[in-house]
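Student: Contents are compact mmCIF, C-alpha atoms; file name coords12.txt:
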```txt
# COMPACT_ATOMS: atom_id res chain seq x y z
CA MET A 32 -11.58 -11.53 -27.08
CA LYS A 33 -11.85 -15.26 -26.53
CA GLU A 34 -15.10 -14.80 -24.66
CA ARG A 35 -16.48 -12.52 -27.36
CA LEU A 36 -15.65 -15.07 -30.05
CA LEU A 37 -17.35 -17.87 -28.11
CA ASP A 38 -20.42 -15.70 -27.56
CA ILE A 39 -20.54 -14.88 -31.29
CA GLN A 40 -20.28 -18.59 -32.11
CA LYS A 41 -23.10 -19.48 -29.73
CA GLN A 42 -25.38 -16.74 -31.10
CA ALA A 43 -24.59 -17.60 -34.72
CA LEU A 44 -25.44 -21.28 -34.28
CA LYS A 45 -28.70 -20.31 -32.59
CA ASP A 46 -29.60 -17.91 -35.43
CA LEU A 47 -28.79 -20.54 -38.03
CA GLU A 48 -31.34 -23.00 -36.63
CA SER A 49 -34.25 -20.65 -37.41
CA ILE A 50 -33.29 -19.85 -41.01
CA GLU A 51 -35.71 -21.31 -43.60
CA ASP A 52 -35.00 -19.46 -46.85
CA LEU A 53 -32.02 -18.40 -48.95
CA SER A 54 -32.47 -14.67 -48.45
CA ALA A 55 -32.22 -15.07 -44.66
CA LEU A 56 -29.21 -17.34 -45.13
CA GLU A 57 -27.44 -14.70 -47.19
CA LYS A 58 -28.19 -12.10 -44.53
CA PHE A 59 -26.68 -14.46 -41.92
CA ARG A 60 -23.51 -14.86 -44.02
CA ILE A 61 -23.05 -11.10 -44.30
CA THR A 62 -23.71 -10.58 -40.59
CA TYR A 63 -21.14 -13.08 -39.36
CA LEU A 64 -18.73 -13.91 -42.23
CA GLY A 65 -18.90 -10.88 -44.55
CA LYS A 66 -16.09 -8.35 -44.92
CA LYS A 67 -17.55 -6.35 -42.01
CA GLY A 68 -19.11 -9.35 -40.27
CA ARG A 69 -18.75 -10.03 -36.53
CA VAL A 70 -16.28 -12.92 -36.84
CA THR A 71 -14.26 -11.12 -39.52
CA SER A 72 -14.08 -7.94 -37.42
CA GLU A 73 -12.81 -9.86 -34.40
CA MET A 74 -10.12 -11.51 -36.49
CA LYS A 75 -8.91 -8.12 -37.70
CA ARG A 76 -8.31 -7.10 -34.04
CA LEU A 77 -5.84 -9.96 -33.38
CA GLY A 78 -3.02 -7.49 -33.87
CA GLU A 79 -4.10 -5.66 -30.74
CA LEU A 80 -3.37 -8.72 -28.56
CA PRO A 81 -0.05 -9.45 -26.88
CA PRO A 82 2.15 -11.57 -29.15
CA LYS A 83 2.01 -14.57 -26.78
CA ASP A 84 -1.85 -14.71 -26.94
CA ARG A 85 -2.24 -14.35 -30.69
CA PRO A 86 -1.65 -18.05 -31.68
CA GLU A 87 -4.29 -19.38 -29.31
CA ILE A 88 -6.94 -16.74 -30.09
CA GLY A 89 -6.17 -16.94 -33.81
CA LYS A 90 -6.68 -20.70 -33.75
CA ILE A 91 -10.05 -20.33 -31.98
CA ALA A 92 -11.16 -17.63 -34.45
CA ASN A 93 -10.25 -19.77 -37.47
CA GLU A 94 -12.04 -22.81 -36.02
CA ILE A 95 -15.20 -20.75 -35.40
CA LYS A 96 -15.07 -19.31 -38.94
CA ALA A 97 -14.60 -22.78 -40.46
CA GLU A 98 -17.47 -24.22 -38.40
CA LEU A 99 -19.84 -21.42 -39.35
CA SER A 100 -18.86 -21.78 -43.04
CA ASN A 101 -19.59 -25.53 -42.94
CA ARG A 102 -22.92 -24.99 -41.16
CA LEU A 103 -23.77 -22.32 -43.72
CA GLU A 104 -23.16 -24.79 -46.58
CA GLU A 105 -25.24 -27.48 -44.86
CA ALA A 106 -28.12 -25.04 -44.38
CA PHE A 107 -27.93 -24.06 -48.06
CA ILE A 108 -28.17 -27.71 -49.17
CA ARG A 109 -31.04 -28.35 -46.77
CA ILE A 110 -33.04 -25.34 -48.02
CA GLU A 111 -32.40 -26.19 -51.71
CA ALA A 112 -33.48 -29.81 -51.19
CA ARG A 113 -36.67 -28.69 -49.49
CA LYS A 114 -37.32 -26.20 -52.32
CA GLU A 115 -36.78 -28.86 -55.01
CA LYS A 116 -39.08 -31.26 -53.21
CA LYS A 117 -41.83 -28.66 -53.25
CA GLU A 118 -41.30 -27.97 -56.96
CA ILE A 119 -41.68 -31.64 -57.97
CA PHE A 120 -44.82 -32.13 -55.94
CA LEU A 121 -47.22 -34.23 -57.97
CA ASP A 122 -50.92 -33.52 -57.78
CA VAL A 123 -52.51 -36.81 -58.83
CA THR A 124 -55.90 -35.11 -59.26
CA LEU A 125 -54.69 -33.07 -62.25
CA PRO A 126 -55.42 -34.31 -65.81
CA GLY A 127 -52.59 -36.29 -67.39
CA ARG A 128 -50.16 -34.57 -69.75
CA VAL A 129 -49.60 -36.43 -73.00
CA PRO A 130 -45.89 -36.24 -73.95
CA PHE A 131 -44.99 -35.05 -77.45
CA ARG A 132 -44.31 -37.99 -79.75
CA GLY A 133 -42.10 -37.61 -82.77
CA HIS A 134 -42.73 -39.21 -86.15
CA LEU A 135 -41.02 -39.77 -89.47
CA HIS A 136 -40.18 -36.79 -91.66
CA PRO A 137 -42.68 -36.43 -94.56
CA VAL A 138 -39.94 -37.28 -97.08
CA SER A 139 -39.18 -40.49 -95.16
CA GLN A 140 -42.88 -41.31 -94.99
CA VAL A 141 -43.31 -40.94 -98.76
CA ASN A 142 -40.08 -42.86 -99.40
CA ARG A 143 -41.41 -45.79 -97.36
CA GLU A 144 -44.75 -45.67 -99.14
CA ILE A 145 -43.09 -45.73 -102.58
CA CYS A 146 -40.79 -48.59 -101.61
CA ASN A 147 -43.64 -50.61 -100.09
CA ILE A 148 -45.67 -50.31 -103.31
CA PHE A 149 -42.84 -51.68 -105.44
CA VAL A 150 -41.80 -54.33 -102.92
CA LYS A 151 -45.35 -55.71 -103.14
CA MET A 152 -44.82 -55.93 -106.91
CA GLY A 153 -41.74 -58.09 -106.32
CA TYR A 154 -38.97 -55.49 -106.48
CA LYS A 155 -35.90 -55.72 -104.25
CA ILE A 156 -34.45 -52.64 -102.50
CA VAL A 157 -30.75 -51.93 -103.14
CA GLN A 158 -28.57 -49.04 -102.01
CA GLY A 159 -25.25 -47.65 -103.19
CA PRO A 160 -22.64 -44.97 -102.40
CA ASN A 161 -23.43 -41.25 -102.40
CA VAL A 162 -19.91 -40.52 -103.65
CA GLU A 163 -19.76 -42.24 -107.02
CA LEU A 164 -17.30 -42.91 -109.81
CA ASP A 165 -17.82 -40.92 -112.99
CA TYR A 166 -17.90 -44.25 -114.81
CA TYR A 167 -21.03 -45.48 -113.01
CA ASN A 168 -22.74 -42.09 -112.76
CA PHE A 169 -22.26 -41.14 -116.41
CA GLU A 170 -20.19 -43.30 -118.79
CA ALA A 171 -21.79 -46.70 -118.16
CA LEU A 172 -25.22 -45.04 -118.43
CA ASN A 173 -24.42 -43.82 -121.95
CA PHE A 174 -23.30 -40.30 -120.94
CA PRO A 175 -20.03 -40.04 -122.95
CA LYS A 176 -17.40 -37.59 -121.73
CA GLU A 177 -17.97 -34.02 -122.99
CA HIS A 178 -21.51 -34.98 -124.11
CA PRO A 179 -24.08 -32.14 -123.76
CA ALA A 180 -26.43 -34.52 -121.92
CA ARG A 181 -24.21 -34.15 -118.85
CA ASP A 182 -25.14 -30.46 -118.59
CA MET A 183 -28.63 -31.43 -117.42
CA GLN A 184 -27.08 -33.08 -114.37
CA ASP A 185 -24.42 -30.61 -113.30
CA THR A 186 -23.04 -31.94 -110.02
CA PHE A 187 -20.35 -31.52 -107.38
CA TYR A 188 -16.97 -32.99 -108.32
CA ILE A 189 -14.66 -34.54 -105.74
CA SER A 190 -12.06 -35.01 -108.47
CA ASP A 191 -12.09 -35.55 -112.25
CA GLY A 192 -13.27 -39.13 -111.84
CA ILE A 193 -15.29 -38.93 -108.62
CA VAL A 194 -18.59 -37.08 -108.16
CA LEU A 195 -21.51 -36.77 -105.79
CA ARG A 196 -24.05 -38.91 -107.64
CA THR A 197 -26.71 -37.03 -109.60
CA HIS A 198 -29.21 -39.92 -109.53
CA THR A 199 -29.47 -43.42 -108.08
CA SER A 200 -29.27 -44.82 -111.63
CA PRO A 201 -25.65 -46.02 -111.15
CA MET A 202 -27.18 -48.92 -109.20
CA GLN A 203 -28.55 -50.21 -112.53
CA VAL A 204 -25.02 -50.90 -113.77
CA ARG A 205 -23.66 -52.01 -110.39
CA VAL A 206 -26.40 -54.64 -110.02
CA MET A 207 -26.29 -55.83 -113.64
CA GLU A 208 -22.49 -56.27 -113.38
CA LYS A 209 -22.97 -58.77 -110.54
CA GLN A 210 -25.91 -60.86 -111.75
CA LYS A 211 -27.76 -62.03 -114.81
CA PRO A 212 -31.47 -61.43 -115.45
CA PRO A 213 -34.14 -61.58 -114.25
CA ILE A 214 -33.54 -58.36 -112.28
CA SER A 215 -36.17 -56.22 -110.56
CA ILE A 216 -34.80 -53.58 -108.17
CA ILE A 217 -35.54 -50.16 -106.76
CA ALA A 218 -32.75 -47.91 -105.47
CA PRO A 219 -33.79 -45.14 -103.06
CA GLY A 220 -31.29 -42.61 -101.76
CA LYS A 221 -29.85 -39.10 -101.69
CA VAL A 222 -28.64 -37.42 -104.87
CA TYR A 223 -26.88 -34.12 -105.56
CA ARG A 224 -27.04 -31.45 -108.26
CA SER A 225 -25.85 -27.83 -108.54
CA ASP A 226 -29.33 -26.38 -108.40
CA SER A 227 -31.36 -24.43 -105.84
CA ASP A 228 -34.74 -22.63 -106.03
CA ILE A 229 -38.32 -23.14 -104.79
CA SER A 230 -38.58 -26.43 -106.72
CA HIS A 231 -34.94 -27.63 -106.51
CA THR A 232 -32.37 -28.20 -103.78
CA PRO A 233 -28.67 -29.16 -104.04
CA MET A 234 -29.50 -32.42 -102.25
CA PHE A 235 -32.72 -34.34 -102.70
CA HIS A 236 -34.02 -37.92 -102.62
CA GLN A 237 -34.75 -40.20 -105.54
CA VAL A 238 -36.05 -43.71 -106.21
CA GLU A 239 -34.73 -45.50 -109.29
CA GLY A 240 -36.38 -48.63 -110.65
CA LEU A 241 -35.06 -51.28 -113.02
CA LEU A 242 -36.58 -54.47 -114.46
CA VAL A 243 -34.71 -56.67 -116.96
CA ASP A 244 -35.79 -60.07 -118.30
CA LYS A 245 -36.75 -61.81 -121.49
CA GLY A 246 -39.70 -60.33 -123.39
CA ILE A 247 -40.14 -57.12 -121.39
CA THR A 248 -42.06 -54.47 -123.36
CA PHE A 249 -43.12 -50.85 -123.06
CA GLY A 250 -46.55 -52.17 -122.15
CA ASP A 251 -45.06 -53.71 -119.00
CA LEU A 252 -43.58 -50.32 -118.11
CA LYS A 253 -46.95 -48.59 -118.59
CA GLY A 254 -48.76 -51.20 -116.53
CA THR A 255 -46.22 -50.97 -113.69
CA LEU A 256 -46.28 -47.19 -113.46
CA THR A 257 -50.07 -47.02 -113.84
CA SER A 258 -50.41 -49.37 -110.88
CA PHE A 259 -47.95 -47.24 -108.89
CA VAL A 260 -49.78 -43.97 -109.62
CA HIS A 261 -53.14 -45.42 -108.65
CA GLN A 262 -51.78 -46.77 -105.36
CA MET A 263 -49.99 -43.53 -104.54
CA PHE A 264 -52.54 -40.92 -105.66
CA GLY A 265 -55.80 -42.83 -106.04
CA ALA A 266 -57.48 -45.01 -108.64
CA ASP A 267 -59.31 -42.05 -110.18
CA VAL A 268 -56.10 -40.20 -111.14
CA SER A 269 -55.30 -40.33 -114.86
CA LEU A 270 -51.77 -40.43 -116.26
CA ARG A 271 -50.10 -40.00 -119.62
CA PHE A 272 -46.74 -40.86 -121.18
CA ARG A 273 -45.05 -37.99 -123.03
CA PRO A 274 -42.02 -38.59 -125.34
CA SER A 275 -38.73 -37.40 -123.84
CA PHE A 276 -34.98 -38.09 -123.86
CA PHE A 277 -32.69 -39.85 -121.41
CA PRO A 278 -29.26 -41.16 -122.49
CA PHE A 279 -29.76 -44.56 -120.86
CA THR A 280 -33.29 -45.32 -122.12
CA GLU A 281 -34.72 -45.55 -125.63
CA PRO A 282 -37.55 -44.87 -126.20
CA SER A 283 -37.98 -42.53 -123.23
CA ALA A 284 -41.03 -40.92 -121.70
CA GLU A 285 -41.99 -38.43 -119.02
CA VAL A 286 -44.96 -39.52 -116.95
CA ASP A 287 -47.58 -36.90 -116.09
CA ILE A 288 -50.55 -37.30 -113.78
CA GLN A 289 -53.80 -35.40 -113.70
CA CYS A 290 -53.31 -32.29 -111.53
CA VAL A 291 -54.17 -33.24 -107.96
CA ILE A 292 -55.09 -29.62 -107.17
CA CYS A 293 -57.61 -28.80 -109.92
CA LYS A 294 -58.47 -32.39 -111.01
CA GLY A 295 -57.38 -31.63 -114.57
CA GLU A 296 -59.36 -28.43 -115.08
CA GLY A 297 -56.28 -26.18 -115.14
CA CYS A 298 -54.80 -24.03 -112.39
CA ARG A 299 -51.69 -22.08 -111.41
CA THR A 300 -49.96 -25.18 -110.04
CA CYS A 301 -50.17 -27.05 -113.36
CA SER A 302 -49.75 -23.90 -115.51
CA ASN A 303 -53.37 -24.37 -116.64
CA SER A 304 -52.42 -27.59 -118.46
CA GLY A 305 -54.28 -29.95 -116.13
CA TRP A 306 -51.18 -32.18 -115.88
CA LEU A 307 -48.19 -32.49 -113.52
CA GLU A 308 -44.91 -34.25 -114.30
CA ILE A 309 -43.92 -36.86 -111.70
CA LEU A 310 -41.15 -39.06 -113.15
CA GLY A 311 -39.03 -40.10 -116.10
CA SER A 312 -38.96 -43.58 -117.63
CA GLY A 313 -38.12 -45.64 -120.70
CA MET A 314 -36.82 -48.92 -122.10
CA VAL A 315 -33.18 -49.60 -121.21
CA ASP A 316 -30.95 -48.47 -124.11
CA PRO A 317 -29.07 -51.41 -125.70
CA ALA A 318 -25.87 -49.34 -125.34
CA VAL A 319 -26.11 -49.79 -121.54
CA TYR A 320 -26.22 -53.57 -121.94
CA GLY A 321 -22.83 -53.35 -123.65
CA PHE A 322 -21.23 -52.18 -120.37
CA VAL A 323 -22.58 -55.19 -118.43
CA ASP A 324 -22.20 -57.90 -121.09
CA TYR A 325 -25.92 -58.50 -121.63
CA ASP A 326 -27.18 -59.60 -125.04
CA PRO A 327 -29.83 -57.06 -126.15
CA GLU A 328 -31.19 -59.63 -128.60
CA ILE A 329 -32.17 -61.82 -125.64
CA TYR A 330 -32.93 -59.40 -122.83
CA SER A 331 -34.94 -56.22 -122.60
CA GLY A 332 -36.06 -54.08 -119.72
CA PHE A 333 -37.26 -50.73 -118.48
CA ALA A 334 -36.11 -48.13 -115.97
CA PHE A 335 -37.79 -45.24 -114.20
CA GLY A 336 -36.78 -42.59 -111.68
CA MET A 337 -38.66 -40.13 -109.50
CA GLY A 338 -37.82 -37.44 -106.95
CA ILE A 339 -39.32 -38.30 -103.57
CA GLU A 340 -39.75 -34.62 -102.62
CA ARG A 341 -41.61 -34.10 -105.92
CA ILE A 342 -44.03 -36.92 -105.11
CA ALA A 343 -44.51 -35.58 -101.55
CA MET A 344 -45.19 -32.05 -102.85
CA LEU A 345 -47.91 -33.36 -105.18
CA LYS A 346 -49.36 -35.74 -102.61
CA TYR A 347 -49.67 -33.07 -99.90
CA GLY A 348 -50.10 -29.91 -102.02
CA ILE A 349 -46.77 -28.30 -100.98
CA ASP A 350 -45.51 -25.47 -103.20
CA ASP A 351 -41.94 -24.96 -101.86
CA ILE A 352 -39.46 -27.85 -101.74
CA GLN A 353 -37.24 -25.99 -99.27
CA LEU A 354 -39.87 -26.43 -96.54
CA PHE A 355 -38.70 -30.05 -96.24
CA PHE A 356 -35.26 -28.91 -95.06
CA LYS A 357 -35.93 -25.87 -92.83
CA ASN A 358 -36.81 -27.90 -89.70
CA ASP A 359 -39.88 -25.75 -89.03
CA MET A 360 -41.89 -27.81 -86.54
CA ARG A 361 -45.11 -26.00 -87.49
CA PHE A 362 -44.72 -27.47 -90.96
CA LEU A 363 -43.46 -30.94 -89.97
CA ARG A 364 -46.19 -31.56 -87.37
CA GLN A 365 -48.80 -31.55 -90.14
CA PHE A 366 -47.64 -34.93 -91.45
```
As structure tokens, what does this structure read like?
Tutor:
Amino acid sequence: MKERLLDIQKQALKDLESIEDLSALEKFRITYLGKKGRVTSEMKRLGELPPKDRPEIGKIANEIKAELSNRLEEAFIRIEARKEKKEIFLDVTLPGRVPFRGHLHPVSQVNREICNIFVKMGYKIVQGPNVELDYYNFEALNFPKEHPARDMQDTFYISDGIVLRTHTSPMQVRVMEKQKPPISIIAPGKVYRSDSDISHTPMFHQVEGLLVDKGITFGDLKGTLTSFVHQMFGADVSLRFRPSFFPFTEPSAEVDIQCVICKGEGCRTCSNSGWLEILGSGMVDPAVYGFVDYDPEIYSGFAFGMGIERIAMLKYGIDDIQLFFKNDMRFLRQF
């Protein structure tokens, strides 16, 4: 049996040298080390030997099995390395492959464009918490408790006095508490409302603007927003101010622009009116000044707020706000 084992070892090592692929290597393993392999079969016959010879022959058999197992593993690594080397072969004559480059989300692009326009006008960017106190989100902006005006901004409540902010307007009060006029700020950020359809989402982005100083008039507000609209949508786009209501501004106005789809002639997008609403605005209500200890006889100012997704939808002709949040690369690659 000793001679047979040594002959098997010699033959196995010789066979192993000529193996160049994994299928042949697997066949080798079955032939020599499988359940019915030559080495395994010899080891099963150890019981036929005299008891005094079994330790020596058993040791030789185990050493041969261990050696063949190690050589098998080395051959596997060698074949895999050679295979990988072939797969990464670089043909320098082929045309170059341009890697995919990512870019900013369309909402982020429009947010930057809006902020850049107002920064050039002298506004400073400020940011505040997404989780806000009821006082800053409602009360200090002239939304008394239990007032029907709160129904327009139904939100998510963390507790009775803490909410997910419904607008970035709380930054008006937070900034005015800390400094005296002149103030000119914009506050971009995420806001939250209990609303969801093709034109609303529970979370969206907004930019709030505030300017307070001596002698500020509604004419300054109109001039500022007219300049913004022309820079964002083009100098040939008309706009109009339509009376509205906001608790923290008086007088208040919605701002409409000429429909960017039909150029004011009337279409499905603008409900055949020729106009599209883009933002709300107005002169800061004197009641708000009472929360920040400003004298309304000395100071006046205006505020405005717009949804960034709304501006992006009008700028790019998008009819479903939810497309911004579905992560569909076919949609996002267009911007």
Student: What's the separation between CA of Leu241 in chain A and CA of Ile189 in chain A, in Å to one decimal place?
Tutor: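 Taking CA of Leu241 in chain A as the start and CA of Ile189 in chain A as the end point, the length is 27.4 Å.
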Student: Set out as JSON lines a contact list for range 131-160 of chain A and range 260-274 of chain A with a cut-off of 8 Å, giving each residue of range 131-160 of chain A that qualifies its closest atom pair and distance in Å to one decimal, counting all atoms listed in the file, ordered by chain and rising residue number.
Tutor:
```
{"residue": "A:Glu144", "atom": "CA", "partner": "A:Met263", "partner_atom": "CA", "distance": 7.8}
{"residue": "A:Ile145", "atom": "CA", "partner": "A:Met263", "partner_atom": "CA", "distance": 7.5}
{"residue": "A:Ile148", "atom": "CA", "partner": "A:Gln262", "partner_atom": "CA", "distance": 7.4}
```
Student: Go ahead and find all residues with at least one atom no further than 12 Å from (-37.9, -38.6, -88.9) in the file's coordinates, using only C-alpha atoms; report them as a PDB file with C-alpha atoms, keeping the file's coordinate frame.
Tutor:
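What follows is the written file result_25.pdb:
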```pdb
ATOM      1  CA  ARG A 132     -44.310 -37.990 -79.750  1.00  0.00           C
ATOM      2  CA  GLY A 133     -42.100 -37.610 -82.770  1.00  0.00           C
ATOM      3  CA  HIS A 134     -42.730 -39.210 -86.150  1.00  0.00           C
ATOM      4  CA  LEU A 135     -41.020 -39.770 -89.470  1.00  0.00           C
ATOM      5  CA  HIS A 136     -40.180 -36.790 -91.660  1.00  0.00           C
ATOM      6  CA  PRO A 137     -42.680 -36.430 -94.560  1.00  0.00           C
ATOM      7  CA  VAL A 138     -39.940 -37.280 -97.080  1.00  0.00           C
ATOM      8  CA  SER A 139     -39.180 -40.490 -95.160  1.00  0.00           C
ATOM      9  CA  GLN A 140     -42.880 -41.310 -94.990  1.00  0.00           C
ATOM     10  CA  VAL A 141     -43.310 -40.940 -98.760  1.00  0.00           C
ATOM     11  CA  ASN A 142     -40.080 -42.860 -99.400  1.00  0.00           C
ATOM     12  CA  ARG A 143     -41.410 -45.790 -97.360  1.00  0.00           C
ATOM     13  CA  PHE A 355     -38.700 -30.050 -96.240  1.00  0.00           C
ATOM     14  CA  PHE A 356     -35.260 -28.910 -95.060  1.00  0.00           C
ATOM     15  CA  ASN A 358     -36.810 -27.900 -89.700  1.00  0.00           C
ATOM     16  CA  MET A 360     -41.890 -27.810 -86.540  1.00  0.00           C
ATOM     17  CA  LEU A 363     -43.460 -30.940 -89.970  1.00  0.00           C
ATOM     18  CA  ARG A 364     -46.190 -31.560 -87.370  1.00  0.00           C
ATOM     19  CA  PHE A 366     -47.640 -34.930 -91.450  1.00  0.00           C
TER      20      PHE A 366
END
```
Student: Fewer than 6 positions away in the same chain doesn't count, so skip those; otherwise give me all residues within 9 Å of range 73-78 of chain A, counting only C-alpha atoms, as a compact mmCIF listing (two decimals) with C-alpha atoms, keeping the file's coordinate frame.
Tutor:
```
# COMPACT_ATOMS: atom_id res chain seq x y z
CA MET A 32 -11.58 -11.53 -27.08
CA ARG A 35 -16.48 -12.52 -27.36
CA LEU A 36 -15.65 -15.07 -30.05
CA ASP A 84 -1.85 -14.71 -26.94
CA ARG A 85 -2.24 -14.35 -30.69
CA ILE A 88 -6.94 -16.74 -30.09
CA GLY A 89 -6.17 -16.94 -33.81
CA ALA A 92 -11.16 -17.63 -34.45
CA ASN A 93 -10.25 -19.77 -37.47
```
Student: Quick one: residues within 9 Å of Gly192 in chain A, all atoms listed in the file, excluding same-chain residues fewer than 6 positions away - as a short mmCIF file (atom, residue, chain, number, x, y, z; two decimals) with C-alpha atoms, keeping the file's coordinate frame?
Tutor:
```
data_model
loop_
_atom_site.label_atom_id
_atom_site.label_comp_id
_atom_site.auth_asym_id
_atom_site.auth_seq_id
_atom_site.Cartn_x
_atom_site.Cartn_y
_atom_site.Cartn_z
CA GLU A 163 -19.76 -42.24 -107.02
CA LEU A 164 -17.30 -42.91 -109.81
CA ASP A 165 -17.82 -40.92 -112.99
CA TYR A 166 -17.90 -44.25 -114.81
#
```
Student: So, with all atoms listed in the file as the atoms that count, which of A:Ile95, A:Ala106, A:Ile288, A:Val319 lies closest to Gly305 in chain A?
Tutor: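 That would be A:Ile288, the residue with the smallest distance to Gly305 in chain A.
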Student: With only C-alpha atoms as the basis for distance, which of A:Val194, A:Leu345, A:Met207, A:Cys298 is at the shortest distance from Ala171 in chain A?
Tutor: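 Once distances to Ala171 in chain A are computed over only C-alpha atoms, the minimum belongs to A:Met207.
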Student: Which one is closest to Val162 in chain A: A:Arg181, A:Leu64, A:Thr199, A:Phe174? Count all atoms listed in the file.
Tutor: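 Looking only at the distances to Val162 in chain A, the closest residue turns out to be A:Thr199.
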Student: What is the distance between CA of Glu104 in chain A and CA of Lys66 in chain A, in Å to one decimal?
Tutor: 18.0 Å
Student: Let me make sure I understand: among A:Ala284, A:Leu99, A:Ala112, A:Leu195, which one has the smallest atom-to-atom distance to Met314 in chain A if we use all atoms listed in the file?
Tutor: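 Closest residue, counting all atoms listed in the file: A:Ala284.
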Student: When distances are computed from only C-alpha atoms, which of A:Gln210, A:Gln353, A:Ser331, A:Thr300 shows the smallest separation from Gly246 in chain A?
Tutor: A:Ser331
